[in-house]
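J.: To start, I am sharing the structure in question, which I have written as structure tokens.
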There are 2 protein chains.
Amino acid sequence: MTRRRVTLADVAERAGLSVTAASLVLNRQPGTRLSEEAHQRVLAAAEELGYRPNIAARSLRTRKTATLGFISDVVATTRFAGGMIRGALDAAREHGHVLLIAETQGDKDVEQQAIEAMLDRQVDGFVYAAMFTRRLTVPAAVLTRPAVLLNATSTDGLTSVLPDDEGAAYQAATALLRAGHRRIALVGRNMAVERDPVRSIAATPRLRGVRRALAEHRVRLIGAGPTENWDPEDGYDVTGQLLRGRRRPTGIVCMNDRLAFGAYQAVADAGLAVPGDVSVVSFDDDPIASWLRPGLTTAALPHEPMGRLAVELLLSDPGDGGPRVVPMPLIARASIAAPSG
Amino acid sequence: MTRRRVTLADVAERAGLSVTAASLVLNRQPGTRLSEEAHQRVLAAAEELGYRPNIAARSLRTRKTATLGFISDVVATTRFAGGMIRGALDAAREHGHVLLIAETQGDKDVEQQAIEAMLDRQVDGFVYAAMFTRRLTVPAAVLTRPAVLLNATSTDGLTSVLPDDEGAAYQAATALLRAGHRRIALVGRNMAVERDPVRSIAATPRLRGVRRALAEHRVRLIGAGPTENWDPEDGYDVTGQLLRGRRRPTGIVCMNDRLAFGAYQAVADAGLAVPGDVSVVSFDDDPIASWLRPGLTTAALPHEPMGRLAVELLLSDPGDGGPRVVPMPLIARASIAAPSG
DNA sequence: CTGTTAGCGCTTTCAA
DNA sequence: TTGAAAGCGCTAACAG
């Protein structure tokens with residue numbers, strides 16, 4: 001039932017011209033050598049027949065497939081992952097490209113297989129993405145083609161796209177300071193992570209940004225216990241300790257929204273309120289940030305712009321190598337107020 | 001710098017055989033006509049040269065690309081969306097296929113463009129997915145190739161993959177009944193939605209399943225006000241009303257986890273506790289379900305198995321047309337207890 | 001058991 | 001201004 005696809009030859013025949021002519025017209029060659037009439041005839045024929053080029057056949061000659069490979073470790077587990085994909089997808093579409101997507105789940109064999117499958121299909125380039133900002137080593141097969149790192153850095157000299165964690169942290173802490181807070185604590189410290197070059201990429205600049213803001217106001221951070229992870233229960237535990245401590249903070253910076261979610265619960269359990277007794281600011285703009293009551297003020301991970309930038313770099317000049325930093329907008333909700341004391 | 005890819009001709013030359021022979025061996029033809037020695041030589045040559053077939057070239061002859069198109073309305077916005085993609089990706093990989101993914105955002109032009117771009121690349125088939133279960137009309141261009149609907153139904157007679165909402169609702173309500181509850185309310189009613197053939201696909205079977213379970217125990221549902229949407233604030237509002245009503249429920253079934261999130265807040269604001277005073281059960285298994293305290297018992301949307309099944313059907317015999325229902329496991333956490341009264 | 005040849009649909013010299 | 005012909009890498013008739 002599926003009728004044979006119409007080919008360039010069909011168009012040419014209908015236009016009463018050669019395949020060459022048809023090809024020339026349809027590809028809008030610069031030095032428009034064909035007569036105006038030939039143009040019209042080909043265009044009309046293509047239109048009437050509903051002609052669409054066979055990209056596979058074309059790529060055999062041109063070695064361009066207008067297809068990019070997007071390789072990431074995890075898409076399903078983390079919820080904003082989709083944002084990077086969406087941004088990449090949008091940019092690709094705007095440039096007439098299409099995305100082959102693979103998820104490796106951190107499995108090197110799966111990854112290798114995925115890369116080869118894409119190479120077999122002659123992708124023009126790769127976006128190699130990590131769902132959690134980190135440093136990584138790019139598989140050699142990826143370096144076979146132009147490539148851009150997304151939400152990660154490496155030592156391969158590849159261009160990489162990263163969120164501006166430090167700037168975001170500076171803004172977040174400054175928001176607290178501007179509201180008048182001086183007793184500020186930070187939830188989510190973990191020296192082991194901060195010293196680990198692989199995992200520190202988000203933690204360290206966030207810490208640095210907070211410190212820089214506080215330093216400008218000559219405020220010292222209230223010490224908080226370390227957290228093993230950045231999950232709600234970690235936030236709950238550490239915030240509980242802080243609230244029971246001798247110098248109770250009026251403002252808390254959480255390293256991410258999941259911690260903040262736990263912090264909210266700890267504040268409530270202590271018989272206190274956000275933001276009346278404790279102001280909270282955080283990172284990521286996880287969907288729950290808007291569901292919490294009061295809404296959580298948080299610096300949004302710009303996943304969509306990041307994904308977009310990655311493919312735009314890939315399609316223009318991916319070679320230069322420096323990291324490109326994308327700003328994280330502070331989404332102001334209702335979790336910050338002036339300190340009550 | 002990128003060395004020319006090694007071709008079949010290279011392998012053949014190195015093996016001292018014809019291209020045909022090499023092709024035959026590498027494609028493991030059934031009637032292994034080549035000599036054992038020829039086999040070895042070709043295999044060795046391919047191995048040494050790191051030969052990889054050019055799928056584009058192959059597909060020109062075979063009209064098979066081992067590439068599938070995955071079209072969905074939204075991937076980034078909804079958090080579990082990724083699950084369907086992951087399942088589809090896994091199944092595709094296991095079958096040596098690769099996925100071209102596009103997101104249409106509900107825009108028909110974007111959609112048409114995406115479908116054509118995929119058709120231009122000769123995809124072998126389509127998975128057409130909706131991120132919220134619903135009825136839809138499949139674009140004609142999709143019907144050009146084998147296709148399977150994912151999380152949606154249509155009138156095109158396409159095979160579709162759906163979650164077993166009714167079974168899940170039956171289980172959820174039964175869990176409450178078994179715990180001893182008799183005063184049970186349902187949060188998330190909306191007649192307008194239930195009567196709308198487009199949007200009712202999840203709501204109606206959930207309602208039916210709950211009713212069937214209650215009927216078996218001769219229990220009548222406590223009336224609850226309708227909700228405009230299924231968002232946290234809707235759950236908060238309606239649950240608040242129920243708790244202030246004359247016949248306070250001891251068990252609540254929420255139509256989804258976002259509603260349940262709001263319900264938890266309403267219970268807390270009423271000075272009551274989950275599950276001591278009110279048991280809650282819900283649908284979806286949104287990540288927050290596990291973050292809530294106490295953990296929310298909820299029927300999980302089986303996105304991953306659904307995505308997987310869709311491509312498996314597509315790769316085997318997509319033609320048959322009936323809807324295929326995937327069970328929704330009830331994830332038991334801590335939000336159900338015996339009624340206190 | 002193995003090689004020759006044609007051709008998938010397209011682009012691109014080169015010649016007319 | 002136009003067309004013929006070669007060839008991208010591969011598979012599949014058809015010979016031998």
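Going by the structure tokens order, chains are called A, B, ..., each with residues numbered from 1, while ligands are numbered from 1 in the order shown.
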Kindly provide, as a ChimeraX atom specification, the residues of chain A having any atom no farther than 8 Å from an atom of chain C, counting only C-alpha atoms (C1' of nucleotides).

T.: /A:7-8,23,54,57-58,60-62

J.: For Asp285 (chain B), list every protein, DNA or RNA residue within 10 Å, evaluated using only C-alpha atoms (C1' of nucleotides), and leave out those in the same chain fewer than 3 positions away; present the list as a list of chain:residue names.

T.: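 So, after excluding close chain neighbours, the residues are B:Phe80, B:Asn256, B:Asp257, B:Arg258, B:Ser282, B:Ile288, B:Ala289, B:Ser290, B:Leu296, B:Thr297, B:Thr298, B:Ala299, B:Ala300, B:Leu301, B:Pro302, B:Met328, B:Pro329, B:Leu330, B:Ile331.
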
J.: I need the residues from that last selection saved to file as a PDB file, in the first residue's frame (with N, CA and C atoms), if you can.

T.:
```
ATOM      1  N   PHE B  80       7.884  12.348  34.278  1.00  0.00           N
ATOM      2  CA  PHE B  80       8.092  10.926  34.014  1.00  0.00           C
ATOM      3  C   PHE B  80       8.190  10.641  32.533  1.00  0.00           C
ATOM      4  N   ASN B 256      -4.141  11.855  41.381  1.00  0.00           N
ATOM      5  CA  ASN B 256      -2.712  11.783  41.067  1.00  0.00           C
ATOM      6  C   ASN B 256      -1.893  12.305  42.245  1.00  0.00           C
ATOM      7  N   ASP B 257      -0.579  12.191  42.111  1.00  0.00           N
ATOM      8  CA  ASP B 257       0.301  12.521  43.226  1.00  0.00           C
ATOM      9  C   ASP B 257       0.385  14.010  43.511  1.00  0.00           C
ATOM     10  N   ARG B 258       0.179  14.807  42.502  1.00  0.00           N
ATOM     11  CA  ARG B 258       0.223  16.241  42.760  1.00  0.00           C
ATOM     12  C   ARG B 258      -0.952  16.645  43.646  1.00  0.00           C
ATOM     13  N   SER B 282      -2.836   7.077  45.952  1.00  0.00           N
ATOM     14  CA  SER B 282      -2.832   7.949  44.777  1.00  0.00           C
ATOM     15  C   SER B 282      -2.331   7.230  43.525  1.00  0.00           C
ATOM     16  N   ILE B 288       8.059  12.905  43.927  1.00  0.00           N
ATOM     17  CA  ILE B 288       7.741  13.435  45.260  1.00  0.00           C
ATOM     18  C   ILE B 288       7.050  12.402  46.135  1.00  0.00           C
ATOM     19  N   ALA B 289       6.426  11.401  45.546  1.00  0.00           N
ATOM     20  CA  ALA B 289       5.712  10.411  46.357  1.00  0.00           C
ATOM     21  C   ALA B 289       6.644   9.795  47.394  1.00  0.00           C
ATOM     22  N   SER B 290       7.903   9.663  47.027  1.00  0.00           N
ATOM     23  CA  SER B 290       8.846   9.054  47.958  1.00  0.00           C
ATOM     24  C   SER B 290       9.471  10.087  48.897  1.00  0.00           C
ATOM     25  N   LEU B 296       4.243   8.225  50.272  1.00  0.00           N
ATOM     26  CA  LEU B 296       2.913   8.082  49.672  1.00  0.00           C
ATOM     27  C   LEU B 296       2.752   6.748  48.931  1.00  0.00           C
ATOM     28  N   THR B 297       1.716   6.025  49.300  1.00  0.00           N
ATOM     29  CA  THR B 297       1.398   4.792  48.573  1.00  0.00           C
ATOM     30  C   THR B 297       0.666   5.174  47.289  1.00  0.00           C
ATOM     31  N   THR B 298       1.193   4.704  46.173  1.00  0.00           N
ATOM     32  CA  THR B 298       0.660   5.181  44.892  1.00  0.00           C
ATOM     33  C   THR B 298       0.830   4.132  43.792  1.00  0.00           C
ATOM     34  N   ALA B 299      -0.085   4.134  42.843  1.00  0.00           N
ATOM     35  CA  ALA B 299      -0.003   3.197  41.718  1.00  0.00           C
ATOM     36  C   ALA B 299       0.889   3.815  40.646  1.00  0.00           C
ATOM     37  N   ALA B 300       2.000   3.162  40.366  1.00  0.00           N
ATOM     38  CA  ALA B 300       3.000   3.744  39.471  1.00  0.00           C
ATOM     39  C   ALA B 300       2.602   3.665  38.005  1.00  0.00           C
ATOM     40  N   LEU B 301       2.733   4.779  37.319  1.00  0.00           N
ATOM     41  CA  LEU B 301       2.583   4.768  35.865  1.00  0.00           C
ATOM     42  C   LEU B 301       3.788   4.015  35.308  1.00  0.00           C
ATOM     43  N   PRO B 302       3.534   2.967  34.556  1.00  0.00           N
ATOM     44  CA  PRO B 302       4.634   2.112  34.092  1.00  0.00           C
ATOM     45  C   PRO B 302       5.234   2.661  32.808  1.00  0.00           C
ATOM     46  N   MET B 328      -0.173  -1.313  36.307  1.00  0.00           N
ATOM     47  CA  MET B 328       0.422  -0.256  37.129  1.00  0.00           C
ATOM     48  C   MET B 328       0.643  -0.810  38.530  1.00  0.00           C
ATOM     49  N   PRO B 329       1.866  -1.059  38.919  1.00  0.00           N
ATOM     50  CA  PRO B 329       2.107  -1.637  40.240  1.00  0.00           C
ATOM     51  C   PRO B 329       1.801  -0.647  41.367  1.00  0.00           C
ATOM     52  N   LEU B 330       1.168  -1.140  42.408  1.00  0.00           N
ATOM     53  CA  LEU B 330       0.902  -0.285  43.564  1.00  0.00           C
ATOM     54  C   LEU B 330       2.151  -0.259  44.436  1.00  0.00           C
ATOM     55  N   ILE B 331       2.742   0.912  44.560  1.00  0.00           N
ATOM     56  CA  ILE B 331       3.961   1.041  45.359  1.00  0.00           C
ATOM     57  C   ILE B 331       3.544   1.337  46.795  1.00  0.00           C
TER      58      ILE B 331
END
```

J.: Using only C-alpha atoms (C1' of nucleotides), find the residues of chain A whose closest atom to chain D is at most 12 Å away, then write them as number ranges by chain.

T.: A: 12, 16-22, 24, 31-39, 56-64, 120

J.: Quick one: residues within 9 Å of Leu176 (chain B), only C-alpha atoms (C1' of nucleotides) counted, chain neighbours fewer than 5 positions away excluded, as a list in words?

T.: Gln171, His181, Arg182, Ile184, Gly251, Ile252, Val253, Ser279, Val280, Val281, Ile336, Ala337 and Ala338 of chain B

J.: May I have the residues of chain B within 7 Å of chain A, counting only C-alpha atoms, written as a PDB file with N, CA and C atoms, in the first residue's frame?

T.:
```
ATOM      1  N   THR B   2      40.309  13.441  10.446  1.00  0.00           N
ATOM      2  CA  THR B   2      39.446  12.268  10.534  1.00  0.00           C
ATOM      3  C   THR B   2      39.708  11.347   9.355  1.00  0.00           C
ATOM      4  N   ARG B  52      33.145  -0.912   9.947  1.00  0.00           N
ATOM      5  CA  ARG B  52      31.772  -0.694  10.394  1.00  0.00           C
ATOM      6  C   ARG B  52      30.974  -0.369   9.139  1.00  0.00           C
ATOM      7  N   PRO B  53      29.832  -0.994   9.006  1.00  0.00           N
ATOM      8  CA  PRO B  53      29.039  -0.757   7.795  1.00  0.00           C
ATOM      9  C   PRO B  53      28.471   0.652   7.769  1.00  0.00           C
ATOM     10  N   ASN B  54      28.299   1.177   6.606  1.00  0.00           N
ATOM     11  CA  ASN B  54      27.653   2.467   6.434  1.00  0.00           C
ATOM     12  C   ASN B  54      26.161   2.203   6.232  1.00  0.00           C
ATOM     13  N   ILE B  55      25.419   2.495   7.305  1.00  0.00           N
ATOM     14  CA  ILE B  55      23.996   2.146   7.273  1.00  0.00           C
ATOM     15  C   ILE B  55      23.247   2.916   6.198  1.00  0.00           C
ATOM     16  N   ALA B  56      23.673   4.126   5.963  1.00  0.00           N
ATOM     17  CA  ALA B  56      22.982   4.934   4.954  1.00  0.00           C
ATOM     18  C   ALA B  56      23.101   4.267   3.590  1.00  0.00           C
ATOM     19  N   ALA B  57      24.304   3.830   3.287  1.00  0.00           N
ATOM     20  CA  ALA B  57      24.517   3.172   1.997  1.00  0.00           C
ATOM     21  C   ALA B  57      23.712   1.877   1.914  1.00  0.00           C
ATOM     22  N   LEU B  60      20.058   2.237   1.272  1.00  0.00           N
ATOM     23  CA  LEU B  60      19.703   2.638  -0.087  1.00  0.00           C
ATOM     24  C   LEU B  60      19.242   1.413  -0.865  1.00  0.00           C
ATOM     25  N   VAL B  75       8.345  16.492  26.112  1.00  0.00           N
ATOM     26  CA  VAL B  75       9.216  15.634  26.904  1.00  0.00           C
ATOM     27  C   VAL B  75       9.694  16.322  28.165  1.00  0.00           C
ATOM     28  N   ALA B  76       9.950  17.591  28.071  1.00  0.00           N
ATOM     29  CA  ALA B  76      10.593  18.260  29.193  1.00  0.00           C
ATOM     30  C   ALA B  76       9.644  18.577  30.339  1.00  0.00           C
ATOM     31  N   ARG B  79       7.629  15.192  34.226  1.00  0.00           N
ATOM     32  CA  ARG B  79       8.851  14.560  34.696  1.00  0.00           C
ATOM     33  C   ARG B  79       8.997  13.098  34.360  1.00  0.00           C
ATOM     34  N   PHE B  80       7.884  12.348  34.278  1.00  0.00           N
ATOM     35  CA  PHE B  80       8.092  10.926  34.014  1.00  0.00           C
ATOM     36  C   PHE B  80       8.190  10.641  32.533  1.00  0.00           C
ATOM     37  N   GLY B  82      10.332  11.040  30.570  1.00  0.00           N
ATOM     38  CA  GLY B  82      11.586  10.367  30.292  1.00  0.00           C
ATOM     39  C   GLY B  82      11.491   8.854  30.380  1.00  0.00           C
ATOM     40  N   GLY B  83      10.641   8.366  31.242  1.00  0.00           N
ATOM     41  CA  GLY B  83      10.506   6.921  31.400  1.00  0.00           C
ATOM     42  C   GLY B  83      10.107   6.229  30.113  1.00  0.00           C
ATOM     43  N   ARG B  86      13.051   6.281  27.850  1.00  0.00           N
ATOM     44  CA  ARG B  86      14.071   5.332  28.255  1.00  0.00           C
ATOM     45  C   ARG B  86      13.688   3.917  27.851  1.00  0.00           C
ATOM     46  N   LEU B  89      14.093   3.526  24.200  1.00  0.00           N
ATOM     47  CA  LEU B  89      15.511   3.523  23.861  1.00  0.00           C
ATOM     48  C   LEU B  89      16.119   2.152  24.155  1.00  0.00           C
ATOM     49  N   LEU B  99      17.001   5.531  17.815  1.00  0.00           N
ATOM     50  CA  LEU B  99      15.801   6.356  17.835  1.00  0.00           C
ATOM     51  C   LEU B  99      16.074   7.813  17.463  1.00  0.00           C
ATOM     52  N   LEU B 100      15.295   8.279  16.521  1.00  0.00           N
ATOM     53  CA  LEU B 100      15.286   9.695  16.190  1.00  0.00           C
ATOM     54  C   LEU B 100      14.143  10.263  17.016  1.00  0.00           C
ATOM     55  N   ILE B 101      14.428  11.277  17.820  1.00  0.00           N
ATOM     56  CA  ILE B 101      13.383  11.777  18.716  1.00  0.00           C
ATOM     57  C   ILE B 101      13.008  13.203  18.361  1.00  0.00           C
ATOM     58  N   ALA B 102      11.716  13.480  18.422  1.00  0.00           N
ATOM     59  CA  ALA B 102      11.271  14.850  18.187  1.00  0.00           C
ATOM     60  C   ALA B 102      10.187  15.207  19.186  1.00  0.00           C
ATOM     61  N   ASP B 120      12.344  11.712   5.561  1.00  0.00           N
ATOM     62  CA  ASP B 120      13.465  11.973   4.659  1.00  0.00           C
ATOM     63  C   ASP B 120      14.640  11.073   4.997  1.00  0.00           C
ATOM     64  N   ARG B 121      14.721  10.709   6.267  1.00  0.00           N
ATOM     65  CA  ARG B 121      15.823   9.848   6.700  1.00  0.00           C
ATOM     66  C   ARG B 121      15.401   8.389   6.722  1.00  0.00           C
ATOM     67  N   THR B 144       2.098   6.601   6.878  1.00  0.00           N
ATOM     68  CA  THR B 144       2.923   6.195   5.760  1.00  0.00           C
ATOM     69  C   THR B 144       3.784   4.980   6.090  1.00  0.00           C
ATOM     70  N   PRO B 232      -1.394  20.576  42.879  1.00  0.00           N
ATOM     71  CA  PRO B 232      -1.355  20.563  44.345  1.00  0.00           C
ATOM     72  C   PRO B 232      -2.431  21.447  44.983  1.00  0.00           C
ATOM     73  N   TRP B 291       9.308  11.348  48.562  1.00  0.00           N
ATOM     74  CA  TRP B 291       9.894  12.384  49.414  1.00  0.00           C
ATOM     75  C   TRP B 291       8.939  12.796  50.521  1.00  0.00           C
TER      76      TRP B 291
END
```

J.: Can you tell me, as an MDAnalysis selection string, which residues in region 60-296 of chain B count as strand (DSSP E) by DSSP?

T.: chainID B and resid 67:72 98:103 125:135 147:153 159:163 184:187 251:254 279:284

J.: Would you put the residues from that selection into a file with N, CA and C atoms, as a CSV table (one decimal), in the first residue's frame?

T.:
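And here's part_26.csv as it stands now:
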```csv
chain,number,residue,atom,x,y,z
B,67,THR,N,16.3,2.4,12.0
B,67,THR,CA,16.1,3.7,12.7
B,67,THR,C,14.6,3.9,12.9
B,68,LEU,N,14.2,4.3,14.1
B,68,LEU,CA,12.8,4.5,14.4
B,68,LEU,C,12.6,6.0,14.7
B,69,GLY,N,11.4,6.5,14.4
B,69,GLY,CA,11.1,7.8,14.8
B,69,GLY,C,10.2,7.8,16.1
B,70,PHE,N,10.6,8.6,17.0
B,70,PHE,CA,9.8,8.7,18.3
B,70,PHE,C,9.3,10.2,18.3
B,71,ILE,N,8.0,10.3,18.2
B,71,ILE,CA,7.4,11.7,18.2
B,71,ILE,C,6.5,11.8,19.4
B,72,SER,N,6.8,12.9,20.1
B,72,SER,CA,6.0,13.1,21.3
B,72,SER,C,5.6,14.6,21.4
B,98,VAL,N,17.9,2.3,16.5
B,98,VAL,CA,18.3,3.6,17.1
B,98,VAL,C,17.1,4.5,16.9
B,99,LEU,N,17.0,5.5,17.8
B,99,LEU,CA,15.8,6.4,17.8
B,99,LEU,C,16.1,7.8,17.5
B,100,LEU,N,15.3,8.3,16.5
B,100,LEU,CA,15.3,9.7,16.2
B,100,LEU,C,14.1,10.3,17.0
B,101,ILE,N,14.4,11.3,17.8
B,101,ILE,CA,13.4,11.8,18.7
B,101,ILE,C,13.0,13.2,18.4
B,102,ALA,N,11.7,13.5,18.4
B,102,ALA,CA,11.3,14.8,18.2
B,102,ALA,C,10.2,15.2,19.2
B,103,GLU,N,10.1,16.5,19.5
B,103,GLU,CA,9.1,17.0,20.4
B,103,GLU,C,8.3,18.0,19.7
B,125,GLY,N,9.8,3.1,11.1
B,125,GLY,CA,8.5,3.2,11.7
B,125,GLY,C,8.4,4.3,12.7
B,126,PHE,N,7.2,4.5,13.3
B,126,PHE,CA,7.0,5.6,14.2
B,126,PHE,C,6.4,5.1,15.6
B,127,VAL,N,6.9,5.7,16.6
B,127,VAL,CA,6.2,5.6,17.9
B,127,VAL,C,5.6,7.0,18.1
B,128,TYR,N,4.3,7.1,18.2
B,128,TYR,CA,3.7,8.4,18.4
B,128,TYR,C,3.2,8.5,19.8
B,129,ALA,N,3.8,9.3,20.6
B,129,ALA,CA,3.5,9.3,22.0
B,129,ALA,C,2.9,10.6,22.5
B,130,ALA,N,2.0,10.4,23.5
B,130,ALA,CA,1.4,11.5,24.2
B,130,ALA,C,1.9,11.4,25.7
B,131,MET,N,2.3,12.6,26.2
B,131,MET,CA,2.8,12.5,27.6
B,131,MET,C,1.7,12.4,28.6
B,132,PHE,N,0.5,12.9,28.3
B,132,PHE,CA,-0.7,12.6,29.1
B,132,PHE,C,-1.6,11.7,28.4
B,133,THR,N,-2.0,10.7,29.0
B,133,THR,CA,-2.9,9.7,28.3
B,133,THR,C,-4.1,10.4,27.7
B,134,ARG,N,-4.3,10.2,26.4
B,134,ARG,CA,-5.4,10.9,25.8
B,134,ARG,C,-5.8,10.3,24.4
B,135,ARG,N,-6.9,10.7,23.9
B,135,ARG,CA,-7.2,10.3,22.6
B,135,ARG,C,-6.8,11.3,21.6
B,147,ALA,N,3.3,2.1,12.6
B,147,ALA,CA,3.3,3.0,13.7
B,147,ALA,C,2.6,2.4,14.9
B,148,VAL,N,3.0,2.8,16.1
B,148,VAL,CA,2.3,2.4,17.3
B,148,VAL,C,2.1,3.6,18.2
B,149,LEU,N,0.9,3.7,18.8
B,149,LEU,CA,0.6,4.8,19.7
B,149,LEU,C,1.1,4.5,21.1
B,150,LEU,N,1.6,5.5,21.7
B,150,LEU,CA,2.1,5.3,23.1
B,150,LEU,C,1.4,6.2,24.0
B,151,ASN,N,0.7,5.7,25.0
B,151,ASN,CA,0.0,6.5,26.0
B,151,ASN,C,-1.2,7.3,25.3
B,152,ALA,N,-1.7,6.7,24.3
B,152,ALA,CA,-2.8,7.4,23.6
B,152,ALA,C,-3.6,6.4,22.8
B,153,THR,N,-4.8,6.8,22.4
B,153,THR,CA,-5.6,6.0,21.5
B,153,THR,C,-6.0,6.9,20.3
B,159,THR,N,-2.3,0.1,16.7
B,159,THR,CA,-2.1,-0.5,18.0
B,159,THR,C,-1.7,0.5,19.0
B,160,SER,N,-2.2,0.5,20.2
B,160,SER,CA,-1.8,1.5,21.2
B,160,SER,C,-1.4,0.9,22.5
B,161,VAL,N,-0.6,1.5,23.2
B,161,VAL,CA,-0.1,1.0,24.5
B,161,VAL,C,-0.6,2.0,25.6
B,162,LEU,N,-1.3,1.4,26.5
B,162,LEU,CA,-1.9,2.3,27.6
B,162,LEU,C,-1.6,1.7,29.0
B,163,PRO,N,-1.6,2.6,30.0
B,163,PRO,CA,-1.5,2.1,31.3
B,163,PRO,C,-2.9,1.5,31.8
B,184,ILE,N,-14.6,6.7,52.6
B,184,ILE,CA,-13.6,7.0,51.6
B,184,ILE,C,-14.1,8.1,50.6
B,185,ALA,N,-13.2,9.0,50.4
B,185,ALA,CA,-13.5,10.1,49.4
B,185,ALA,C,-12.5,10.0,48.3
B,186,LEU,N,-12.9,10.7,47.2
B,186,LEU,CA,-12.1,10.7,46.0
B,186,LEU,C,-11.8,12.1,45.6
B,187,VAL,N,-10.5,12.5,45.6
B,187,VAL,CA,-10.2,13.9,45.2
B,187,VAL,C,-9.7,13.9,43.8
B,251,GLY,N,-10.2,7.8,54.7
B,251,GLY,CA,-9.4,7.4,53.6
B,251,GLY,C,-9.6,8.2,52.3
B,252,ILE,N,-8.6,8.6,51.7
B,252,ILE,CA,-8.7,9.5,50.5
B,252,ILE,C,-8.0,8.9,49.3
B,253,VAL,N,-8.7,8.8,48.2
B,253,VAL,CA,-8.0,8.4,46.9
B,253,VAL,C,-7.8,9.7,46.1
B,254,CYS,N,-6.6,10.0,45.8
B,254,CYS,CA,-6.3,11.2,45.0
B,254,CYS,C,-6.0,10.7,43.5
B,279,SER,N,-5.8,8.2,55.8
B,279,SER,CA,-5.0,7.5,54.9
B,279,SER,C,-5.1,8.0,53.5
B,280,VAL,N,-4.0,8.0,52.7
B,280,VAL,CA,-4.0,8.5,51.4
B,280,VAL,C,-3.4,7.5,50.4
B,281,VAL,N,-4.1,7.4,49.3
B,281,VAL,CA,-3.5,6.6,48.2
B,281,VAL,C,-3.7,7.3,46.9
B,282,SER,N,-2.8,7.1,46.0
B,282,SER,CA,-2.8,7.9,44.8
B,282,SER,C,-2.3,7.2,43.5
B,283,PHE,N,-2.1,8.0,42.5
B,283,PHE,CA,-1.6,7.5,41.2
B,283,PHE,C,-0.4,8.2,40.7
B,284,ASP,N,0.4,7.5,39.9
B,284,ASP,CA,1.5,8.1,39.1
B,284,ASP,C,2.9,7.6,39.6
```

J.: Excluding Pro205 (chain B) and residues on its chain fewer than 6 positions from it, collect all residues at most 12 Å away from it, counting only C-alpha atoms (C1' of nucleotides), and give them as a list in words.

T.: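 After dropping sequence-adjacent residues, the list is Thr133, Leu162, Pro163, Asp164, Asp165, Glu166, Gly167, Ala168, Ala169, Tyr170, Glu194, Arg195, Arg199, Arg211, Arg212 and Met255 of chain B.
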
J.: Next, dump the selected residues to file, keeping only N, CA and C atoms, as a tab-separated table (two decimals), in the first residue's frame.

T.:
```tsv
chain	number	residue	atom	x	y	z
B	133	THR	N	-2.02	10.66	29.00
B	133	THR	CA	-2.90	9.71	28.33
B	133	THR	C	-4.09	10.41	27.71
B	162	LEU	N	-1.29	1.45	26.53
B	162	LEU	CA	-1.90	2.28	27.57
B	162	LEU	C	-1.63	1.71	28.96
B	163	PRO	N	-1.65	2.58	29.97
B	163	PRO	CA	-1.52	2.08	31.34
B	163	PRO	C	-2.86	1.51	31.81
B	164	ASP	N	-2.80	0.55	32.69
B	164	ASP	CA	-4.04	-0.06	33.19
B	164	ASP	C	-4.60	0.76	34.35
B	165	ASP	N	-5.16	1.89	34.01
B	165	ASP	CA	-5.68	2.78	35.05
B	165	ASP	C	-6.79	2.15	35.87
B	166	GLU	N	-7.65	1.42	35.20
B	166	GLU	CA	-8.76	0.85	35.97
B	166	GLU	C	-8.27	-0.18	36.98
B	167	GLY	N	-7.39	-1.05	36.54
B	167	GLY	CA	-6.85	-2.04	37.47
B	167	GLY	C	-6.14	-1.37	38.64
B	168	ALA	N	-5.42	-0.32	38.34
B	168	ALA	CA	-4.68	0.39	39.38
B	168	ALA	C	-5.65	1.01	40.38
B	169	ALA	N	-6.71	1.59	39.88
B	169	ALA	CA	-7.69	2.23	40.75
B	169	ALA	C	-8.35	1.18	41.64
B	170	TYR	N	-8.62	0.05	41.05
B	170	TYR	CA	-9.23	-1.04	41.83
B	170	TYR	C	-8.31	-1.44	42.98
B	194	GLU	N	-14.39	14.04	32.67
B	194	GLU	CA	-14.80	12.65	32.52
B	194	GLU	C	-15.69	12.42	31.30
B	195	ARG	N	-16.36	13.45	30.89
B	195	ARG	CA	-17.25	13.29	29.73
B	195	ARG	C	-16.53	13.61	28.42
B	199	ARG	N	-9.97	13.86	26.93
B	199	ARG	CA	-9.21	13.92	28.17
B	199	ARG	C	-9.57	12.83	29.18
B	211	ARG	N	-14.82	2.70	41.90
B	211	ARG	CA	-16.23	2.35	42.13
B	211	ARG	C	-16.43	0.84	42.22
B	212	ARG	N	-15.73	0.13	41.35
B	212	ARG	CA	-15.88	-1.32	41.34
B	212	ARG	C	-15.41	-1.90	42.68
B	255	MET	N	-6.54	11.44	42.60
B	255	MET	CA	-6.41	11.05	41.21
B	255	MET	C	-4.98	11.11	40.70
```

J.: What does the structure give for the distance between CA of Asp277 (chain A) and CA of Thr174 (chain A), in Å to one decimal?

T.: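 Interatomic distance, CA of Asp277 (chain A) to CA of Thr174 (chain A): 18.4 Å.
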
J.: To one decimal in Å, tell me the separation between CA of Val238 (chain A) and CA of Gly225 (chain A).

T.: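 Interatomic distance, CA of Val238 (chain A) to CA of Gly225 (chain A): 6.2 Å.
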
J.: As an exercise, work out the distance from CA of Leu314 (chain A) to CA of Asp124 (chain A) in Å and give it to one decimal place.

T.: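 Interatomic distance here is 9.2 Å.
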